[in-house]
$ cat coords.cif   # mmCIF, C-alpha atoms
data_work
loop_
_atom_site.group_PDB
_atom_site.id
_atom_site.type_symbol
_atom_site.label_atom_id
_atom_site.label_comp_id
_atom_site.auth_asym_id
_atom_site.auth_seq_id
_atom_site.Cartn_x
_atom_site.Cartn_y
_atom_site.Cartn_z
ATOM 1 C CA MET A 150 -24.680 -20.022 43.818
ATOM 2 C CA ILE A 151 -26.526 -18.538 40.797
ATOM 3 C CA GLU A 152 -24.343 -15.421 41.090
ATOM 4 C CA ASN A 153 -21.216 -17.563 40.819
ATOM 5 C CA ILE A 154 -22.543 -19.422 37.788
ATOM 6 C CA GLY A 155 -23.412 -16.048 36.258
ATOM 7 C CA LEU A 156 -19.844 -14.837 36.779
ATOM 8 C CA ILE A 157 -18.397 -18.014 35.248
ATOM 9 C CA LEU A 158 -20.693 -17.651 32.228
ATOM 10 C CA ASP A 159 -19.610 -14.022 31.838
ATOM 11 C CA ILE A 160 -15.959 -15.106 31.861
ATOM 12 C CA VAL A 161 -16.757 -17.706 29.172
ATOM 13 C CA VAL A 162 -18.519 -15.013 27.110
ATOM 14 C CA ILE A 163 -15.507 -12.689 27.460
ATOM 15 C CA ALA A 164 -13.151 -15.500 26.379
ATOM 16 C CA ILE A 165 -15.282 -16.328 23.307
ATOM 17 C CA ALA A 166 -15.537 -12.635 22.370
ATOM 18 C CA LEU A 167 -11.734 -12.310 22.654
ATOM 19 C CA VAL A 168 -11.230 -15.357 20.408
ATOM 20 C CA LEU A 169 -13.652 -13.877 17.853
ATOM 21 C CA SER A 170 -11.789 -10.543 18.064
ATOM 22 C CA LEU A 171 -8.509 -12.321 17.343
ATOM 23 C CA ILE A 172 -9.984 -14.145 14.331
ATOM 24 C CA SER A 173 -11.442 -10.861 13.043
ATOM 25 C CA TRP A 174 -8.084 -9.128 13.504
ATOM 26 C CA LYS A 175 -6.320 -11.870 11.517
ATOM 27 C CA ALA A 176 -8.986 -11.663 8.798
ATOM 28 C CA TYR A 177 -8.737 -7.856 8.671
ATOM 29 C CA LYS A 178 -4.944 -7.979 8.367
ATOM 30 C CA LYS A 179 -5.312 -10.359 5.408
ATOM 31 C CA SER A 180 -8.187 -8.707 3.592
ATOM 32 C CA HIS A 181 -8.324 -5.049 4.737
ATOM 33 C CA LEU A 182 -12.106 -5.305 4.428
ATOM 34 C CA LYS A 183 -13.879 -2.532 6.333
ATOM 35 C CA SER A 184 -16.758 -4.852 7.195
ATOM 36 C CA ILE A 185 -14.379 -7.144 9.068
ATOM 37 C CA PHE A 186 -12.908 -4.152 10.898
ATOM 38 C CA PHE A 187 -16.408 -3.233 12.109
ATOM 39 C CA LEU A 188 -16.892 -6.817 13.275
ATOM 40 C CA LEU A 189 -13.600 -6.633 15.152
ATOM 41 C CA LEU A 190 -14.713 -3.432 16.908
ATOM 42 C CA ALA A 191 -18.091 -4.983 17.741
ATOM 43 C CA PHE A 192 -16.463 -8.000 19.415
ATOM 44 C CA LEU A 193 -14.061 -5.767 21.350
ATOM 45 C CA PHE A 194 -16.945 -3.571 22.526
ATOM 46 C CA PHE A 195 -18.681 -6.745 23.629
ATOM 47 C CA VAL A 196 -15.690 -7.600 25.823
ATOM 48 C CA ILE A 197 -15.729 -4.065 27.314
ATOM 49 C CA LYS A 198 -19.488 -4.278 27.945
ATOM 50 C CA LYS A 199 -19.149 -7.584 29.787
ATOM 51 C CA VAL A 200 -16.249 -6.276 31.884
ATOM 52 C CA LEU A 201 -18.265 -3.157 32.801
ATOM 53 C CA GLU A 202 -21.286 -5.255 33.787
ATOM 54 C CA ASN A 203 -19.111 -7.104 36.274
ATOM 55 C CA ALA A 204 -16.994 -4.116 37.378
ATOM 56 C CA ASN A 205 -19.017 -3.459 40.558
ATOM 57 C CA LYS A 206 -18.132 -6.943 41.827
ATOM 58 C CA ILE A 207 -14.468 -5.919 41.899
ATOM 59 C CA LEU A 208 -14.948 -2.191 42.600
ATOM 60 C CA PRO A 209 -18.122 -1.803 44.766
ATOM 61 C CA ASN A 210 -17.720 2.004 44.905
ATOM 62 C CA ILE A 211 -18.725 2.437 41.271
ATOM 63 C CA GLN A 212 -22.369 3.524 40.805
ATOM 64 C CA LYS A 213 -24.404 0.698 39.288
ATOM 65 C CA GLU A 214 -26.684 3.140 37.394
ATOM 66 C CA SER A 215 -23.813 4.749 35.499
ATOM 67 C CA LEU A 216 -22.377 1.313 34.681
ATOM 68 C CA ASP A 217 -25.746 0.172 33.354
ATOM 69 C CA PHE A 218 -26.067 3.330 31.276
ATOM 70 C CA THR A 219 -22.562 2.901 29.765
ATOM 71 C CA ALA A 220 -23.247 -0.782 29.041
ATOM 72 C CA THR A 221 -26.465 0.166 27.209
ATOM 73 C CA VAL A 222 -24.622 2.809 25.137
ATOM 74 C CA ILE A 223 -22.033 0.175 24.216
ATOM 75 C CA GLU A 224 -24.831 -2.229 23.284
ATOM 76 C CA VAL A 225 -26.176 0.348 20.823
ATOM 77 C CA CYS A 226 -22.657 0.774 19.415
ATOM 78 C CA ILE A 227 -22.287 -3.006 18.980
ATOM 79 C CA LEU A 228 -25.548 -3.255 17.048
ATOM 80 C CA GLY A 229 -24.558 -0.227 14.959
ATOM 81 C CA LEU A 230 -21.219 -1.850 14.139
ATOM 82 C CA PHE A 231 -22.913 -5.132 13.118
ATOM 83 C CA PHE A 232 -25.255 -3.107 10.921
ATOM 84 C CA LEU A 233 -22.313 -1.293 9.307
ATOM 85 C CA ALA A 234 -20.437 -4.575 8.830
ATOM 86 C CA ILE A 235 -23.321 -5.955 6.798
ATOM 87 C CA THR A 236 -24.296 -2.855 4.865
ATOM 88 C CA LYS A 237 -21.089 -0.885 4.304
ATOM 89 C CA ARG A 238 -19.738 -1.209 0.784
ATOM 90 C CA GLY A 239 -16.161 -1.040 -0.469
ATOM 91 C CA GLU A 240 -12.812 -2.021 0.990
ATOM 92 C CA MET B 123 32.800 -17.577 -2.660
ATOM 93 C CA GLY B 124 33.263 -20.912 -0.874
ATOM 94 C CA SER B 125 32.033 -23.975 -2.742
ATOM 95 C CA THR B 126 29.473 -24.886 -0.057
ATOM 96 C CA ARG B 127 27.999 -21.392 -0.201
ATOM 97 C CA GLU B 128 27.995 -21.497 -3.976
ATOM 98 C CA GLN B 129 26.234 -24.850 -3.894
ATOM 99 C CA ILE B 130 23.554 -23.469 -1.554
ATOM 100 C CA LEU B 131 23.055 -20.386 -3.741
ATOM 101 C CA GLN B 132 22.788 -22.500 -6.863
ATOM 102 C CA TYR B 133 20.274 -24.823 -5.231
ATOM 103 C CA ILE B 134 18.080 -21.913 -4.171
ATOM 104 C CA SER B 135 18.320 -20.412 -7.687
ATOM 105 C CA ILE B 136 17.122 -23.696 -9.208
ATOM 106 C CA ASN B 137 14.446 -24.179 -6.522
ATOM 107 C CA PRO B 138 13.030 -20.764 -5.605
ATOM 108 C CA GLY B 139 10.663 -20.948 -2.642
ATOM 109 C CA ILE B 140 12.399 -23.948 -1.069
ATOM 110 C CA THR B 141 12.091 -24.090 2.708
ATOM 111 C CA PHE B 142 15.101 -23.990 5.005
ATOM 112 C CA ARG B 143 14.283 -27.458 6.345
ATOM 113 C CA ARG B 144 13.994 -28.997 2.862
ATOM 114 C CA LEU B 145 17.214 -27.306 1.748
ATOM 115 C CA VAL B 146 19.049 -28.835 4.692
ATOM 116 C CA ASP B 147 17.551 -32.273 3.972
ATOM 117 C CA GLU B 148 18.185 -32.222 0.249
ATOM 118 C CA LEU B 149 21.751 -30.934 0.491
ATOM 119 C CA GLY B 150 22.539 -33.263 3.384
ATOM 120 C CA MET B 151 24.415 -30.542 5.265
ATOM 121 C CA GLY B 152 24.377 -29.592 8.934
ATOM 122 C CA ILE B 153 21.726 -27.110 10.078
ATOM 123 C CA GLY B 154 24.295 -24.749 11.609
ATOM 124 C CA ASN B 155 26.440 -24.811 8.487
ATOM 125 C CA VAL B 156 23.522 -23.989 6.161
ATOM 126 C CA GLN B 157 22.255 -21.341 8.597
ATOM 127 C CA TYR B 158 25.658 -19.604 8.576
ATOM 128 C CA HIS B 159 25.956 -19.585 4.772
ATOM 129 C CA LEU B 160 22.359 -18.388 4.338
ATOM 130 C CA HIS B 161 23.062 -15.537 6.743
ATOM 131 C CA VAL B 162 26.071 -14.494 4.643
ATOM 132 C CA LEU B 163 24.162 -14.853 1.345
ATOM 133 C CA GLU B 164 21.268 -12.780 2.675
ATOM 134 C CA LYS B 165 23.607 -10.128 4.057
ATOM 135 C CA ARG B 166 25.261 -9.840 0.641
ATOM 136 C CA GLY B 167 21.831 -9.484 -0.976
ATOM 137 C CA LEU B 168 22.129 -12.665 -3.036
ATOM 138 C CA ILE B 169 19.055 -14.309 -1.553
ATOM 139 C CA VAL B 170 15.891 -13.222 0.247
ATOM 140 C CA SER B 171 14.008 -15.157 2.877
ATOM 141 C CA LYS B 172 10.515 -14.837 4.262
ATOM 142 C CA LYS B 173 8.903 -16.535 7.237
ATOM 143 C CA MET B 174 5.320 -17.734 6.868
ATOM 144 C CA GLY B 175 3.335 -20.303 8.839
ATOM 145 C CA GLY B 176 6.389 -21.151 10.939
ATOM 146 C CA LYS B 177 8.538 -21.957 7.881
ATOM 147 C CA ARG B 178 11.327 -19.997 6.247
ATOM 148 C CA TYR B 179 11.066 -19.771 2.452
ATOM 149 C CA LEU B 180 14.192 -18.966 0.445
ATOM 150 C CA PHE B 181 14.303 -17.138 -2.878
ATOM 151 C CA PRO B 182 17.120 -15.985 -5.149
ATOM 152 C CA LYS B 183 17.652 -12.233 -5.480
ATOM 153 C CA ASN B 184 15.840 -12.026 -8.816
ATOM 154 C CA PHE B 185 12.638 -13.026 -6.988
ATOM 155 C CA GLU B 186 12.702 -9.849 -4.912
ATOM 156 C CA GLY B 187 9.362 -8.121 -5.321
ATOM 157 C CA LYS B 188 7.765 -11.236 -6.829
ATOM 158 C CA TYR B 189 7.685 -13.524 -3.832
ATOM 159 C CA GLU B 190 5.747 -11.282 -1.458
ATOM 160 C CA PRO B 191 2.546 -11.147 -3.548
ATOM 161 C CA LEU B 192 2.777 -14.910 -4.040
ATOM 162 C CA LEU B 193 3.187 -15.626 -0.322
ATOM 163 C CA ARG B 194 0.424 -13.163 0.517
ATOM 164 C CA ALA B 195 -2.022 -14.900 -1.809
ATOM 165 C CA ILE B 196 -1.002 -18.364 -0.637
ATOM 166 C CA SER B 197 -1.730 -17.430 2.967
ATOM 167 C CA THR B 198 -5.448 -17.111 2.060
ATOM 168 C CA GLU B 199 -7.195 -20.448 1.522
ATOM 169 C CA THR B 200 -9.490 -19.523 -1.379
ATOM 170 C CA GLN B 201 -6.713 -17.682 -3.238
ATOM 171 C CA ARG B 202 -4.447 -20.679 -2.717
ATOM 172 C CA LYS B 203 -7.115 -22.982 -4.201
ATOM 173 C CA ILE B 204 -7.700 -20.658 -7.170
ATOM 174 C CA LEU B 205 -3.959 -20.456 -7.877
ATOM 175 C CA LEU B 206 -3.668 -24.251 -7.804
ATOM 176 C CA LEU B 207 -6.631 -24.551 -10.134
ATOM 177 C CA LEU B 208 -5.144 -22.027 -12.551
ATOM 178 C CA SER B 209 -1.807 -23.841 -12.475
ATOM 179 C CA GLU B 210 -3.630 -26.585 -14.453
ATOM 180 C CA GLY B 211 -4.553 -24.022 -17.115
ATOM 181 C CA GLU B 212 -6.765 -21.000 -17.721
ATOM 182 C CA LYS B 213 -10.296 -21.121 -16.349
ATOM 183 C CA ASN B 214 -13.372 -18.929 -16.512
ATOM 184 C CA GLN B 215 -15.224 -17.635 -13.459
ATOM 185 C CA SER B 216 -18.009 -20.224 -13.511
ATOM 186 C CA GLU B 217 -15.499 -23.092 -13.829
ATOM 187 C CA ILE B 218 -13.624 -21.822 -10.777
ATOM 188 C CA SER B 219 -16.873 -21.217 -8.922
ATOM 189 C CA SER B 220 -18.301 -24.698 -9.593
ATOM 190 C CA THR B 221 -15.015 -26.532 -8.913
ATOM 191 C CA LEU B 222 -14.428 -24.784 -5.589
ATOM 192 C CA LYS B 223 -18.159 -24.715 -4.712
ATOM 193 C CA LEU B 224 -18.013 -21.022 -3.887
ATOM 194 C CA SER B 225 -20.262 -18.167 -4.940
ATOM 195 C CA PRO B 226 -19.302 -16.001 -7.964
ATOM 196 C CA ALA B 227 -19.063 -13.023 -5.566
ATOM 197 C CA THR B 228 -16.424 -14.808 -3.468
ATOM 198 C CA ILE B 229 -14.472 -15.834 -6.578
ATOM 199 C CA ASN B 230 -14.760 -12.302 -7.934
ATOM 200 C CA TYR B 231 -13.388 -10.801 -4.724
ATOM 201 C CA HIS B 232 -10.380 -13.143 -4.570
ATOM 202 C CA THR B 233 -9.533 -12.933 -8.284
ATOM 203 C CA LYS B 234 -9.613 -9.129 -8.030
ATOM 204 C CA GLN B 235 -7.181 -9.284 -5.106
ATOM 205 C CA MET B 236 -4.813 -11.556 -7.033
ATOM 206 C CA GLU B 237 -5.092 -9.409 -10.129
ATOM 207 C CA LYS B 238 -3.976 -6.437 -8.030
ATOM 208 C CA LEU B 239 -1.035 -8.518 -6.813
ATOM 209 C CA GLY B 240 -0.143 -9.306 -10.429
ATOM 210 C CA LEU B 241 -0.532 -13.062 -9.964
ATOM 211 C CA ILE B 242 -3.301 -13.631 -12.476
ATOM 212 C CA LYS B 243 -4.493 -11.993 -15.692
ATOM 213 C CA ARG B 244 -8.112 -11.378 -16.598
ATOM 214 C CA ASN B 245 -9.049 -11.598 -20.281
ATOM 215 C CA ARG B 246 -12.427 -11.139 -21.858
ATOM 216 C CA ARG B 247 -13.471 -13.575 -24.571
ATOM 217 C CA GLY B 248 -16.881 -12.558 -25.769
ATOM 218 C CA ARG B 249 -19.109 -12.749 -22.741
ATOM 219 C CA GLU B 250 -16.698 -14.879 -20.750
ATOM 220 C CA VAL B 251 -14.014 -13.665 -18.380
ATOM 221 C CA ILE B 252 -10.980 -15.937 -18.542
ATOM 222 C CA TYR B 253 -8.350 -16.036 -15.812
ATOM 223 C CA GLN B 254 -4.786 -16.964 -16.671
ATOM 224 C CA PRO B 255 -1.887 -17.631 -14.329
ATOM 225 C CA ASN B 256 0.837 -15.005 -14.312
ATOM 226 C CA PHE B 257 3.352 -16.746 -12.061
ATOM 227 C CA ASP B 258 5.980 -19.465 -12.094
ATOM 228 C CA ILE B 259 3.891 -22.611 -11.573
ATOM 229 C CA GLU B 260 6.780 -24.739 -10.275
ATOM 230 C CA THR B 261 7.547 -22.203 -7.538
ATOM 231 C CA LEU B 262 3.875 -21.936 -6.647
ATOM 232 C CA VAL B 263 3.451 -25.705 -6.260
ATOM 233 C CA ARG B 264 6.695 -25.922 -4.250
ATOM 234 C CA VAL B 265 5.597 -23.224 -1.798
ATOM 235 C CA ILE B 266 2.008 -24.494 -1.489
ATOM 236 C CA SER B 267 3.128 -28.081 -0.844
ATOM 237 C CA GLU B 268 5.094 -26.857 2.173
ATOM 238 C CA TYR B 269 2.537 -24.399 3.519
ATOM 239 C CA ARG B 270 0.490 -25.592 6.493
ATOM 240 C CA PRO B 271 -2.003 -22.952 7.604
ATOM 241 C CA LYS B 272 -2.584 -22.529 11.316
ATOM 242 C CA LEU B 273 -6.036 -22.858 12.857
ATOM 243 C CA TRP B 274 -6.299 -19.050 13.255
ATOM 244 C CA ASP B 275 -5.552 -18.571 9.573
ATOM 245 C CA LYS B 276 -8.169 -21.122 8.560
ATOM 246 C CA LEU B 277 -10.807 -19.427 10.729
ATOM 247 C CA ALA B 278 -9.830 -15.972 9.445
ATOM 248 C CA ASP B 279 -10.123 -17.226 5.847
ATOM 249 C CA LYS B 280 -13.587 -18.598 6.588
ATOM 250 C CA LEU B 281 -14.629 -15.238 8.046
ATOM 251 C CA ILE B 282 -13.383 -13.368 4.949
ATOM 252 C CA ASP B 283 -15.337 -15.675 2.617
ATOM 253 C CA MET B 284 -18.399 -15.441 4.835
ATOM 254 C CA MET B 285 -18.384 -11.625 4.816
ATOM 255 C CA VAL B 286 -17.876 -11.481 1.039
ATOM 256 C CA GLU B 287 -20.693 -14.003 0.618
ATOM 257 C CA ILE B 288 -23.079 -12.072 2.910
ATOM 258 C CA LYS B 289 -22.463 -8.843 1.081
ATOM 259 C CA GLY B 290 -22.535 -10.670 -2.250
ATOM 260 C CA GLU B 291 -20.659 -7.987 -4.098
ATOM 261 C CA GLY B 292 -17.082 -9.181 -4.148
ATOM 262 C CA GLU B 293 -15.991 -5.819 -2.741
#
$ encode --input "coords.cif" --output "structure tokens"
Amino acid sequence: MIENIGLILDIVVIAIALVLSLISWKAYKKSHLKSIFFLLLAFLFFVIKKVLENANKILPNIQKESLDFTATVIEVCILGLFFLAITKRGE
Amino acid sequence: MGSTREQILQYISINPGITFRRLVDELGMGIGNVQYHLHVLEKRGLIVSKKMGGKRYLFPKNFEGKYEPLLRAISTETQRKILLLLSEGEKNQSEISSTLKLSPATINYHTKQMEKLGLIKRNRRGREVIYQPNFDIETLVRVISEYRPKLWDKLADKLIDMMVEIKGEGE
């Protein structure tokens, strides 16, 4: 039961992250601001991270440890991109 | 040139930036008829058309090169508001900032963008920076009155202003 709710919540998170990616893409096309491009990448990485976290439910052969490791690396990338989005100067 | 086609061309020359739908309504002609003549006029290079926000804007040939910066600025909410404000007359940065209730950094960013597009002029008067319109006001008002931004555009505009505000530098 809890597992199913967890999966539904993950799907909701993926959908929200995709919507935010689309908004960022539109904003980047209009402004060409690098900070918005970093935001766009961060949201896309978030989608990838969430998909990876749930990948073993669809493909049970994949090693959970390597998935966890990749998801953590992506998490670091996401935080790095948010940091760049806030601090990077110039267009 | 046929008289109908000539009439359409003349109407677009008098009303640059008119939408296809308004042209049809105001001339009282059939959609198919106007569509055919516009196709011919565009093919002959006598008019240019641009789609934006689901509407087709029509310009005479002499607007080539001028309409794209205008449409680009109009598609961004804050730039659209600044242009409308400047159409009433020149304004300084703090006047724009207080009227639109936006930070000086946000105003600075958008005015810089429009300056690059050649839509506004920046003049220094003592300590003040004065912005003047550098576009045909009638055309601007005509295009803006027809433009209806989509939800995605509104959200994207909010994100741009938010990022400029956070960074506070008007990149």
$ residues_around --input "coords.cif" --residues "range 163-178 of chain A" --least-positions-apart "5" --cutoff "8 Å" --atoms "all atoms listed in the file" --output "PDB file with C-alpha atoms, in the coordinates of the input"
ATOM      1  CA  LYS A 183     -13.879  -2.532   6.333  1.00  0.00           C
ATOM      2  CA  ILE A 185     -14.379  -7.144   9.068  1.00  0.00           C
ATOM      3  CA  PHE A 186     -12.908  -4.152  10.898  1.00  0.00           C
ATOM      4  CA  LEU A 188     -16.892  -6.817  13.275  1.00  0.00           C
ATOM      5  CA  LEU A 189     -13.600  -6.633  15.152  1.00  0.00           C
ATOM      6  CA  LEU A 190     -14.713  -3.432  16.908  1.00  0.00           C
ATOM      7  CA  PHE A 192     -16.463  -8.000  19.415  1.00  0.00           C
ATOM      8  CA  LEU A 193     -14.061  -5.767  21.350  1.00  0.00           C
ATOM      9  CA  PHE A 195     -18.681  -6.745  23.629  1.00  0.00           C
ATOM     10  CA  VAL A 196     -15.690  -7.600  25.823  1.00  0.00           C
ATOM     11  CA  LYS A 199     -19.149  -7.584  29.787  1.00  0.00           C
ATOM     12  CA  VAL A 200     -16.249  -6.276  31.884  1.00  0.00           C
TER      13      VAL A 200
ATOM     14  CA  TRP B 274      -6.299 -19.050  13.255  1.00  0.00           C
ATOM     15  CA  ASP B 275      -5.552 -18.571   9.573  1.00  0.00           C
ATOM     16  CA  LEU B 277     -10.807 -19.427  10.729  1.00  0.00           C
ATOM     17  CA  ALA B 278      -9.830 -15.972   9.445  1.00  0.00           C
ATOM     18  CA  ASP B 279     -10.123 -17.226   5.847  1.00  0.00           C
ATOM     19  CA  LEU B 281     -14.629 -15.238   8.046  1.00  0.00           C
ATOM     20  CA  ILE B 282     -13.383 -13.368   4.949  1.00  0.00           C
TER      21      ILE B 282
END
$ atom_distance --input "coords.cif" --atom1 "CA of Ile252 in chain B" --atom2 "CA of Met285 in chain B"
24.9 Å
$ interface_residues --input "coords.cif" --of "chain B" --to "chain A" --cutoff "12 Å" --atoms "all atoms listed in the file" --output "PDB file with C-alpha atoms, in the coordinates of the input"
ATOM      1  CA  PRO B 191       2.546 -11.147  -3.548  1.00  0.00           C
ATOM      2  CA  LEU B 193       3.187 -15.626  -0.322  1.00  0.00           C
ATOM      3  CA  ARG B 194       0.424 -13.163   0.517  1.00  0.00           C
ATOM      4  CA  ALA B 195      -2.022 -14.900  -1.809  1.00  0.00           C
ATOM      5  CA  ILE B 196      -1.002 -18.364  -0.637  1.00  0.00           C
ATOM      6  CA  SER B 197      -1.730 -17.430   2.967  1.00  0.00           C
ATOM      7  CA  THR B 198      -5.448 -17.111   2.060  1.00  0.00           C
ATOM      8  CA  GLU B 199      -7.195 -20.448   1.522  1.00  0.00           C
ATOM      9  CA  THR B 200      -9.490 -19.523  -1.379  1.00  0.00           C
ATOM     10  CA  GLN B 201      -6.713 -17.682  -3.238  1.00  0.00           C
ATOM     11  CA  TYR B 231     -13.388 -10.801  -4.724  1.00  0.00           C
ATOM     12  CA  HIS B 232     -10.380 -13.143  -4.570  1.00  0.00           C
ATOM     13  CA  LYS B 234      -9.613  -9.129  -8.030  1.00  0.00           C
ATOM     14  CA  GLN B 235      -7.181  -9.284  -5.106  1.00  0.00           C
ATOM     15  CA  MET B 236      -4.813 -11.556  -7.033  1.00  0.00           C
ATOM     16  CA  LYS B 272      -2.584 -22.529  11.316  1.00  0.00           C
ATOM     17  CA  LEU B 273      -6.036 -22.858  12.857  1.00  0.00           C
ATOM     18  CA  TRP B 274      -6.299 -19.050  13.255  1.00  0.00           C
ATOM     19  CA  ASP B 275      -5.552 -18.571   9.573  1.00  0.00           C
ATOM     20  CA  LYS B 276      -8.169 -21.122   8.560  1.00  0.00           C
ATOM     21  CA  LEU B 277     -10.807 -19.427  10.729  1.00  0.00           C
ATOM     22  CA  ALA B 278      -9.830 -15.972   9.445  1.00  0.00           C
ATOM     23  CA  ASP B 279     -10.123 -17.226   5.847  1.00  0.00           C
ATOM     24  CA  LYS B 280     -13.587 -18.598   6.588  1.00  0.00           C
ATOM     25  CA  LEU B 281     -14.629 -15.238   8.046  1.00  0.00           C
ATOM     26  CA  ILE B 282     -13.383 -13.368   4.949  1.00  0.00           C
ATOM     27  CA  ASP B 283     -15.337 -15.675   2.617  1.00  0.00           C
ATOM     28  CA  MET B 284     -18.399 -15.441   4.835  1.00  0.00           C
ATOM     29  CA  MET B 285     -18.384 -11.625   4.816  1.00  0.00           C
ATOM     30  CA  VAL B 286     -17.876 -11.481   1.039  1.00  0.00           C
ATOM     31  CA  GLU B 287     -20.693 -14.003   0.618  1.00  0.00           C
ATOM     32  CA  ILE B 288     -23.079 -12.072   2.910  1.00  0.00           C
ATOM     33  CA  LYS B 289     -22.463  -8.843   1.081  1.00  0.00           C
ATOM     34  CA  GLY B 290     -22.535 -10.670  -2.250  1.00  0.00           C
ATOM     35  CA  GLU B 291     -20.659  -7.987  -4.098  1.00  0.00           C
ATOM     36  CA  GLY B 292     -17.082  -9.181  -4.148  1.00  0.00           C
ATOM     37  CA  GLU B 293     -15.991  -5.819  -2.741  1.00  0.00           C
TER      38      GLU B 293
END
$ resolve_selection --input "coords.cif" --expression "the PyMOL selection byres ((chain B and resi 143) around 12)" --output "MDAnalysis selection string"
chainID B and resid 139:142 144:154 156:157 176:180 268
$ atom_distance --input "coords.cif" --atom1 "CA of Ala227 in chain B" --atom2 "CA of Ile204 in chain B"
13.8 Å
$ resolve_selection --input "coords.cif" --expression "the PyMOL selection byres ((chain A and resi 203-212) around 12)" --output "list in words"
Glu152, Asn153, Gly155, Leu156, Ile157, Leu158, Asp159, Ile160, Ile163, Val196, Ile197, Lys198, Lys199, Val200, Leu201, Glu202, Lys213, Glu214, Ser215, Leu216, Asp217, Phe218, Thr219 and Ala220 of chain A
